[in-house]
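Okay, upload.txt is below, compact mmCIF, C-alpha atoms:
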```txt
# COMPACT_ATOMS: atom_id res chain seq x y z
CA MET A 1 26.24 36.40 -24.10
CA LEU A 2 25.38 39.51 -22.14
CA ARG A 3 26.70 42.76 -23.59
CA LYS A 4 28.53 43.70 -20.42
CA ASP A 5 30.38 40.37 -20.54
CA LYS A 6 31.31 40.86 -24.19
CA ASN A 7 32.52 44.40 -23.52
CA GLY A 8 34.85 43.13 -20.82
CA PHE A 9 37.01 41.46 -23.46
CA ILE A 10 37.69 44.86 -25.02
CA ASP A 11 39.07 46.18 -21.75
CA ILE A 12 41.42 43.21 -21.46
CA ILE A 13 42.67 43.62 -25.03
CA THR A 14 43.46 47.29 -24.58
CA SER A 15 45.00 46.83 -21.12
CA ASN A 16 47.45 44.37 -22.69
CA SER A 17 48.57 46.92 -25.31
CA LEU A 18 46.68 45.31 -28.19
CA ASN A 19 44.16 46.87 -30.58
CA PRO A 20 40.54 45.63 -30.56
CA SER A 21 40.36 46.38 -34.30
CA ASP A 22 42.84 43.53 -34.83
CA PHE A 23 40.10 41.11 -33.78
CA THR A 24 36.75 40.14 -35.29
CA VAL A 25 33.84 38.87 -33.20
CA SER A 26 30.83 36.74 -34.07
CA GLU A 27 28.11 34.73 -32.35
CA GLU A 28 26.85 31.29 -33.26
CA VAL A 29 25.88 27.94 -31.80
CA LYS A 30 29.03 25.91 -31.24
CA ASP A 31 28.94 22.34 -29.93
CA ASP A 32 25.26 22.80 -29.01
CA TYR A 33 25.67 25.99 -26.95
CA PRO A 34 25.44 29.73 -27.73
CA THR A 35 28.97 30.97 -28.32
CA PHE A 36 30.79 34.29 -28.51
CA ILE A 37 33.86 34.00 -30.77
CA ILE A 38 36.87 36.32 -30.92
CA LYS A 39 39.17 35.78 -33.92
CA HIS A 40 42.58 37.34 -34.40
CA ASN A 41 42.50 38.78 -37.92
CA ALA A 42 46.15 38.15 -38.82
CA SER A 43 46.36 34.54 -37.64
CA PRO A 44 44.39 31.29 -37.31
CA LEU A 45 44.00 31.94 -33.57
CA GLU A 46 40.53 32.09 -32.02
CA PHE A 47 39.04 32.24 -28.54
CA TRP A 48 35.45 31.39 -27.78
CA THR A 49 33.17 31.47 -24.76
CA ARG A 50 29.93 29.56 -24.38
CA ASN A 51 26.93 30.08 -22.11
CA SER A 52 24.94 27.13 -20.94
CA ASN A 53 21.46 26.82 -22.41
CA GLU A 54 19.97 27.40 -18.96
CA SER A 55 21.82 30.54 -17.80
CA TYR A 56 23.71 33.63 -18.92
CA PHE A 57 25.85 33.20 -15.80
CA GLU A 58 27.37 29.84 -16.62
CA TYR A 59 30.39 29.88 -18.90
CA ASP A 60 33.11 27.75 -20.37
CA CYS A 61 35.81 28.62 -22.91
CA ASN A 62 38.15 27.13 -25.49
CA TYR A 63 40.78 28.50 -27.84
CA ILE A 64 43.17 27.77 -30.69
CA PRO A 65 46.74 28.18 -29.41
CA PHE A 66 49.89 29.23 -31.22
CA SER A 67 51.19 25.73 -31.86
CA PRO A 68 52.44 23.61 -34.76
CA THR A 69 48.96 22.14 -35.33
CA PHE A 70 46.67 25.02 -34.28
CA GLU A 71 44.33 22.47 -32.67
CA PRO A 72 41.90 23.69 -29.94
CA VAL A 73 43.05 22.95 -26.41
CA GLY A 74 39.65 21.79 -25.16
CA TYR A 75 36.95 23.35 -23.00
CA ALA A 76 37.64 24.68 -19.53
CA PRO A 77 36.37 23.76 -17.05
CA ILE A 78 36.05 20.14 -18.16
CA GLU A 79 32.41 18.97 -18.25
CA SER A 80 31.35 21.84 -16.01
CA TRP A 81 30.79 25.60 -16.01
CA PHE A 82 32.44 28.67 -14.55
CA ASP A 83 29.96 30.69 -12.53
CA ASN A 84 31.88 33.94 -12.96
CA ILE A 85 32.94 35.65 -16.20
CA GLU A 86 36.15 36.78 -14.46
CA GLU A 87 37.43 33.20 -14.68
CA VAL A 88 36.96 33.30 -18.45
CA TYR A 89 38.71 36.66 -18.58
CA GLU A 90 41.75 35.15 -16.84
CA VAL A 91 42.03 32.43 -19.49
CA PHE A 92 41.52 35.01 -22.24
CA GLU A 93 44.27 37.27 -20.92
CA GLU A 94 46.69 34.36 -20.76
CA TRP A 95 45.76 33.48 -24.36
CA LEU A 96 46.53 37.03 -25.47
CA ASN A 97 49.93 37.12 -23.82
CA ARG A 98 51.10 33.60 -24.40
CA HIS A 99 49.70 32.94 -27.86
CA ILE A 100 48.65 36.13 -29.68
CA LYS A 101 51.74 38.12 -28.69
CA SER A 102 54.03 35.15 -29.31
CA TYR A 103 52.52 34.69 -32.78
CA MET A 104 52.99 38.38 -33.58
CA GLU A 105 56.59 38.35 -32.35
CA GLU A 106 57.37 35.32 -34.49
CA GLN A 107 56.12 37.03 -37.65
CA VAL A 108 58.60 39.89 -37.31
CA ALA A 109 61.52 37.98 -35.81
CA GLN A 110 64.64 37.71 -37.96
CA ASP A 111 65.70 34.19 -38.92
CA MET A 112 69.34 34.57 -37.92
CA TRP A 113 70.28 31.02 -38.89
CA LYS A 114 68.97 31.68 -42.38
CA SER A 115 71.10 34.82 -42.53
CA PHE A 116 74.23 32.95 -41.53
CA ASN A 117 73.57 30.10 -43.94
CA SER A 118 72.68 32.35 -46.84
CA ASN A 119 74.88 32.30 -49.92
CA GLY A 120 73.96 35.90 -50.59
CA SER A 121 74.96 39.15 -48.95
CA GLY A 122 75.84 38.77 -45.31
CA GLY A 123 76.21 35.00 -45.34
CA PHE A 124 79.28 33.14 -44.15
CA ASP A 125 81.01 30.59 -46.33
CA TRP A 126 80.52 27.44 -44.30
CA GLU A 127 82.53 25.48 -46.87
CA SER A 128 85.60 27.34 -45.68
CA ILE A 129 85.52 25.26 -42.50
CA ASN A 130 87.18 21.90 -42.30
CA GLU A 131 84.88 20.20 -39.79
CA GLU A 132 87.43 17.49 -39.14
CA SER A 133 90.14 19.95 -38.23
CA THR A 134 91.34 19.85 -34.63
CA GLU A 135 94.21 22.24 -35.23
CA TYR A 136 94.77 25.14 -32.86
CA PHE A 137 95.70 28.69 -33.76
CA ASN A 138 99.38 29.60 -33.79
CA GLU A 139 100.57 32.80 -32.13
CA ILE A 140 100.38 34.86 -35.33
CA GLU A 141 96.81 33.74 -35.97
CA LYS A 142 95.79 34.47 -32.37
CA LYS A 143 97.13 38.02 -32.65
CA GLN A 144 95.27 38.50 -35.91
CA LEU A 145 91.99 37.29 -34.42
CA LEU A 146 92.27 39.54 -31.37
CA GLU A 147 92.90 42.54 -33.62
CA GLN A 148 89.85 41.66 -35.72
CA ILE A 149 87.64 41.25 -32.65
CA SER A 150 88.74 44.71 -31.49
CA ASN A 151 88.09 46.10 -34.97
CA PHE A 152 84.60 44.58 -35.00
CA ARG A 153 83.82 46.16 -31.62
CA GLY A 154 84.96 49.54 -32.96
CA LYS A 155 82.72 49.21 -36.00
CA LEU A 156 79.70 48.44 -33.80
CA ILE A 157 80.35 51.55 -31.72
CA GLU A 158 80.97 53.69 -34.81
CA ASN A 159 77.87 52.57 -36.67
CA TYR A 160 75.33 51.92 -33.90
CA ALA A 161 76.44 53.87 -30.80
CA PRO A 162 75.11 51.24 -28.37
CA SER A 163 74.15 52.36 -24.88
CA GLU A 164 76.52 51.76 -21.99
CA LYS A 165 74.41 48.81 -20.83
CA VAL A 166 74.27 47.20 -24.27
CA LEU A 167 77.99 47.80 -24.88
CA SER A 168 78.77 46.09 -21.57
CA GLN A 169 76.82 43.02 -22.73
CA ILE A 170 78.58 43.08 -26.10
CA ASP A 171 81.98 43.35 -24.40
CA SER A 172 81.18 40.36 -22.22
CA LYS A 173 80.50 38.24 -25.31
CA LEU A 174 83.55 39.51 -27.21
CA ASN A 175 85.83 39.03 -24.21
CA TYR A 176 84.73 35.43 -23.95
CA LEU A 177 85.36 35.00 -27.68
CA SER A 178 88.84 36.50 -27.28
CA GLU A 179 89.72 34.27 -24.34
CA SER A 180 88.60 31.22 -26.30
CA VAL A 181 91.28 31.76 -28.95
CA ASP A 182 93.79 30.10 -26.61
CA ARG A 183 91.74 27.05 -25.72
CA LEU A 184 89.55 26.14 -28.71
CA ASN A 185 90.56 24.50 -31.97
CA LYS A 186 89.78 26.28 -35.21
CA PHE A 187 86.48 24.59 -35.92
CA ASP A 188 85.13 25.02 -32.40
CA TRP A 189 86.21 28.66 -32.33
CA LYS A 190 84.40 29.34 -35.61
CA SER A 191 81.24 27.84 -34.11
CA LEU A 192 81.63 30.11 -31.09
CA LEU A 193 82.14 33.11 -33.39
CA ILE A 194 78.81 32.41 -35.11
CA SER A 195 76.91 31.99 -31.84
CA THR A 196 78.55 35.14 -30.44
CA LEU A 197 77.44 37.20 -33.44
CA MET A 198 73.91 35.87 -33.10
CA GLY A 199 73.94 36.79 -29.42
CA ILE A 200 75.13 40.30 -30.22
CA LEU A 201 72.34 40.80 -32.76
CA THR A 202 69.81 39.75 -30.13
CA THR A 203 71.37 42.02 -27.50
CA MET A 204 71.25 45.02 -29.85
CA SER A 205 67.59 44.37 -30.78
CA LEU A 206 68.17 45.39 -34.39
CA ASP A 207 65.63 45.33 -37.19
CA LYS A 208 66.13 42.96 -40.12
CA SER A 209 68.01 45.47 -42.28
CA SER A 210 70.40 46.52 -39.51
CA GLY A 211 70.96 42.91 -38.53
CA HIS A 212 72.08 42.06 -42.06
CA ALA A 213 74.38 45.08 -42.00
CA VAL A 214 76.09 43.82 -38.82
CA ILE A 215 76.53 40.39 -40.38
CA THR A 216 78.09 42.00 -43.44
CA ILE A 217 80.52 43.97 -41.25
CA ALA A 218 81.48 40.79 -39.41
CA LYS A 219 81.98 38.93 -42.66
CA GLU A 220 84.29 41.62 -44.01
CA ILE A 221 86.34 41.78 -40.80
CA PHE A 222 86.63 38.07 -40.13
CA THR A 223 87.12 36.86 -43.72
CA ASN A 224 90.81 36.26 -43.23
CA SER A 225 90.13 34.41 -40.00
CA LEU A 226 87.61 32.16 -41.69
CA MET A 227 90.14 31.32 -44.35
CA LEU A 228 92.40 30.04 -41.57
CA LEU A 229 89.78 27.43 -40.87
CA LYS A 230 90.11 25.70 -44.22
```

Using structure tokens, write down the structure from this file.
Amino acid sequence: MLRKDKNGFIDIITSNSLNPSDFTVSEEVKDDYPTFIIKHNASPLEFWTRNSNESYFEYDCNYIPFSPTFEPVGYAPIESWFDNIEEVYEVFEEWLNRHIKSYMEEQVAQDMWKSFNSNGSGGFDWESINEESTEYFNEIEKKQLLEQISNFRGKLIENYAPSEKVLSQIDSKLNYLSESVDRLNKFDWKSLLISTLMGILTTMSLDKSSGHAVITIAKEIFTNSLMLLK
């Protein structure tokens, strides 16, 4: 591959806020054609571009996507060649944004379900729920829950000082949770509580440590409520 064509990939990587040093390149013959290969160092993902044997100005490309199998998607165009490197660059840029960035995000994302199901710090006691219960909260229990929701909101403000925009989103979720006390049975309300807390963690964009801390606060505040669901 021509040097100017290879250099173009660097410009695309940097313009998409990625670091060229996170990739390794090599050249070899792949499926009978000279091939320029770009490998992401921290993953199984690769992108490669071939020239035809007759011209430096005929190209096709293939890549390994972020998928359960990491199987190549197949050459594009099918049984033909691009006559402009810009068409390869378009596929490459899509690969960076859809697959490389998605892979990187997945590696640092918190497994919130694992946190909620954990038996350790920050985990809820799922055994405290009677899944067959269709009982509704009495007036005393409703009052208790509303007080605890308000207390939880206060703790979030005290410990994390969310922005006005984020607090508005949190309030929307907590208001819906509060309104649901009157219409949901105990088991369904507990399920809504869990999904609401997960939504709040996402809204606040917390790191793993802070996310666990919020879960711990919620567990401490809502313990009595969860016991009602036995």

Find the distance between atom CA of Ile217 of chain A and atom CA of Tyr136 of chain A and write it in Å to one decimal. 25.1 Å

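Remark: for Ile10 of chain A, the closest of the candidate residues A:Tyr75, A:Tyr89, A:Tyr56, A:Trp81 is A:Tyr89 (distances computed over all atoms listed in the file).
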
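If only C-alpha atoms are the atoms counted, then among A:Asn19, A:Asn51, A:Thr69, A:Asn185 the closest residue to Thr134 of chain A is A:Asn185.
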
Every residue with an atom at most 10 Å from (90.0, 39.0, -35.0) (file coordinates; all atoms listed in the file) is what I'm after, so could you write them as a ChimeraX atom specification? /A:141-152,177-178,181,193,218,221-226

Using all atoms listed in the file, which residues sit within 12 Å of Lys30 of chain A once same-chain residues fewer than 3 positions away are excluded, as a ChimeraX atom specification? /A:26-27,33-37,48-53,60-62,75

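For the atom pair formed by atom CA of Val88 of chain A and atom CA of Glu105 of chain A, the distance is 24.6 Å, given to one decimal.
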
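With atom CA of Phe70 of chain A on one side and atom CA of Pro44 of chain A on the other, the separation reads 7.3 Å.
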
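Among the candidates A:Arg98, A:Thr216, A:Gln107, A:Pro65, the residue lying nearest to Leu156 of chain A is A:Thr216 (atoms considered: only C-alpha atoms).
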
Within 10 Å of Phe66 of chain A, counting all atoms listed in the file, which residues show up once you throw out same-chain ones fewer than 4 positions away? Write them as a count of residues only, please. 15

Of the candidates A:Leu192, A:Ile157, A:Ile140, A:Leu184, which one gets nearest to Met204 of chain A if we count all atoms listed in the file? A:Ile157

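The smallest atom-to-atom distance between Lys165 of chain A and any of A:Arg183, A:Val25, A:Thr203, A:His40, using all atoms listed in the file, is found for A:Thr203.
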
Would you compute, for all listed atoms of segment 85-101 of chain A, the axis-aligned bounding box grown by 6 Å on each side, and then report its centre and edge lengths in Å rounded to one decimal, as lines of an AutoDock Vina configuration file?
```
center_x = 42.3
center_y = 35.3
center_z = -22.1
size_x = 30.8
size_y = 17.7
size_z = 27.2
```

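Among A:Ile194, A:Asn138, A:Phe57, A:Glu93, the residue with the shortest atom-to-atom distance to Gly8 of chain A, counting all atoms listed in the file, is A:Glu93.
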
Return segment 75-104 of chain A, completed with N, CA and C atoms, as a short mmCIF file (atom, residue, chain, number, x, y, z; two decimals), keeping the file's coordinate frame.
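Writing the result to result-v5.cif gives the following:
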```cif
data_model
loop_
_atom_site.label_atom_id
_atom_site.label_comp_id
_atom_site.auth_asym_id
_atom_site.auth_seq_id
_atom_site.Cartn_x
_atom_site.Cartn_y
_atom_site.Cartn_z
N TYR A 75 37.73 22.45 -23.85
CA TYR A 75 36.95 23.35 -23.00
C TYR A 75 37.41 23.34 -21.55
N ALA A 76 37.37 24.53 -20.95
CA ALA A 76 37.64 24.68 -19.53
C ALA A 76 36.47 25.44 -18.90
N PRO A 77 35.97 24.99 -17.75
CA PRO A 77 36.37 23.76 -17.05
C PRO A 77 35.86 22.52 -17.78
N ILE A 78 36.42 21.38 -17.49
CA ILE A 78 36.05 20.14 -18.16
C ILE A 78 34.71 19.65 -17.64
N GLU A 79 33.75 19.51 -18.56
CA GLU A 79 32.41 18.97 -18.25
C GLU A 79 31.76 19.71 -17.09
N SER A 80 31.96 21.03 -17.06
CA SER A 80 31.35 21.84 -16.01
C SER A 80 31.27 23.27 -16.53
N TRP A 81 30.92 24.21 -15.63
CA TRP A 81 30.79 25.60 -16.01
C TRP A 81 31.45 26.50 -14.98
N PHE A 82 32.07 27.59 -15.45
CA PHE A 82 32.44 28.67 -14.55
C PHE A 82 31.16 29.41 -14.15
N ASP A 83 31.12 29.91 -12.93
CA ASP A 83 29.96 30.69 -12.53
C ASP A 83 30.28 32.18 -12.44
N ASN A 84 31.47 32.54 -12.99
CA ASN A 84 31.88 33.94 -12.96
C ASN A 84 32.65 34.24 -14.24
N ILE A 85 32.27 35.30 -14.95
CA ILE A 85 32.94 35.65 -16.20
C ILE A 85 34.40 36.01 -15.97
N GLU A 86 34.76 36.42 -14.75
CA GLU A 86 36.15 36.78 -14.46
C GLU A 86 37.09 35.59 -14.68
N GLU A 87 36.60 34.39 -14.46
CA GLU A 87 37.43 33.20 -14.68
C GLU A 87 37.71 33.01 -16.17
N VAL A 88 36.74 33.34 -16.99
CA VAL A 88 36.96 33.30 -18.45
C VAL A 88 37.95 34.38 -18.85
N TYR A 89 37.80 35.56 -18.26
CA TYR A 89 38.71 36.66 -18.58
C TYR A 89 40.17 36.30 -18.27
N GLU A 90 40.39 35.56 -17.19
CA GLU A 90 41.75 35.15 -16.84
C GLU A 90 42.35 34.25 -17.92
N VAL A 91 41.56 33.31 -18.42
CA VAL A 91 42.03 32.43 -19.49
C VAL A 91 42.28 33.23 -20.76
N PHE A 92 41.38 34.17 -21.04
CA PHE A 92 41.52 35.01 -22.24
C PHE A 92 42.79 35.85 -22.19
N GLU A 93 43.08 36.44 -21.04
CA GLU A 93 44.27 37.27 -20.92
C GLU A 93 45.54 36.44 -21.10
N GLU A 94 45.54 35.24 -20.56
CA GLU A 94 46.69 34.36 -20.76
C GLU A 94 46.85 34.01 -22.24
N TRP A 95 45.73 33.78 -22.92
CA TRP A 95 45.76 33.48 -24.36
C TRP A 95 46.35 34.64 -25.13
N LEU A 96 45.97 35.85 -24.80
CA LEU A 96 46.53 37.03 -25.47
C LEU A 96 48.03 37.10 -25.32
N ASN A 97 48.50 36.93 -24.09
CA ASN A 97 49.93 37.12 -23.82
C ASN A 97 50.79 35.95 -24.26
N ARG A 98 50.29 34.77 -24.09
CA ARG A 98 51.10 33.60 -24.40
C ARG A 98 51.03 33.21 -25.86
N HIS A 99 49.89 33.45 -26.50
CA HIS A 99 49.70 32.94 -27.86
C HIS A 99 49.61 34.05 -28.91
N ILE A 100 48.76 35.05 -28.69
CA ILE A 100 48.65 36.13 -29.68
C ILE A 100 49.95 36.90 -29.78
N LYS A 101 50.50 37.33 -28.65
CA LYS A 101 51.74 38.12 -28.69
C LYS A 101 52.91 37.28 -29.20
N SER A 102 52.95 36.02 -28.83
CA SER A 102 54.03 35.15 -29.31
C SER A 102 53.93 34.97 -30.82
N TYR A 103 52.72 34.81 -31.33
CA TYR A 103 52.52 34.69 -32.78
C TYR A 103 53.00 35.97 -33.48
N MET A 104 52.61 37.11 -32.96
CA MET A 104 52.99 38.38 -33.58
C MET A 104 54.51 38.58 -33.55
#
```
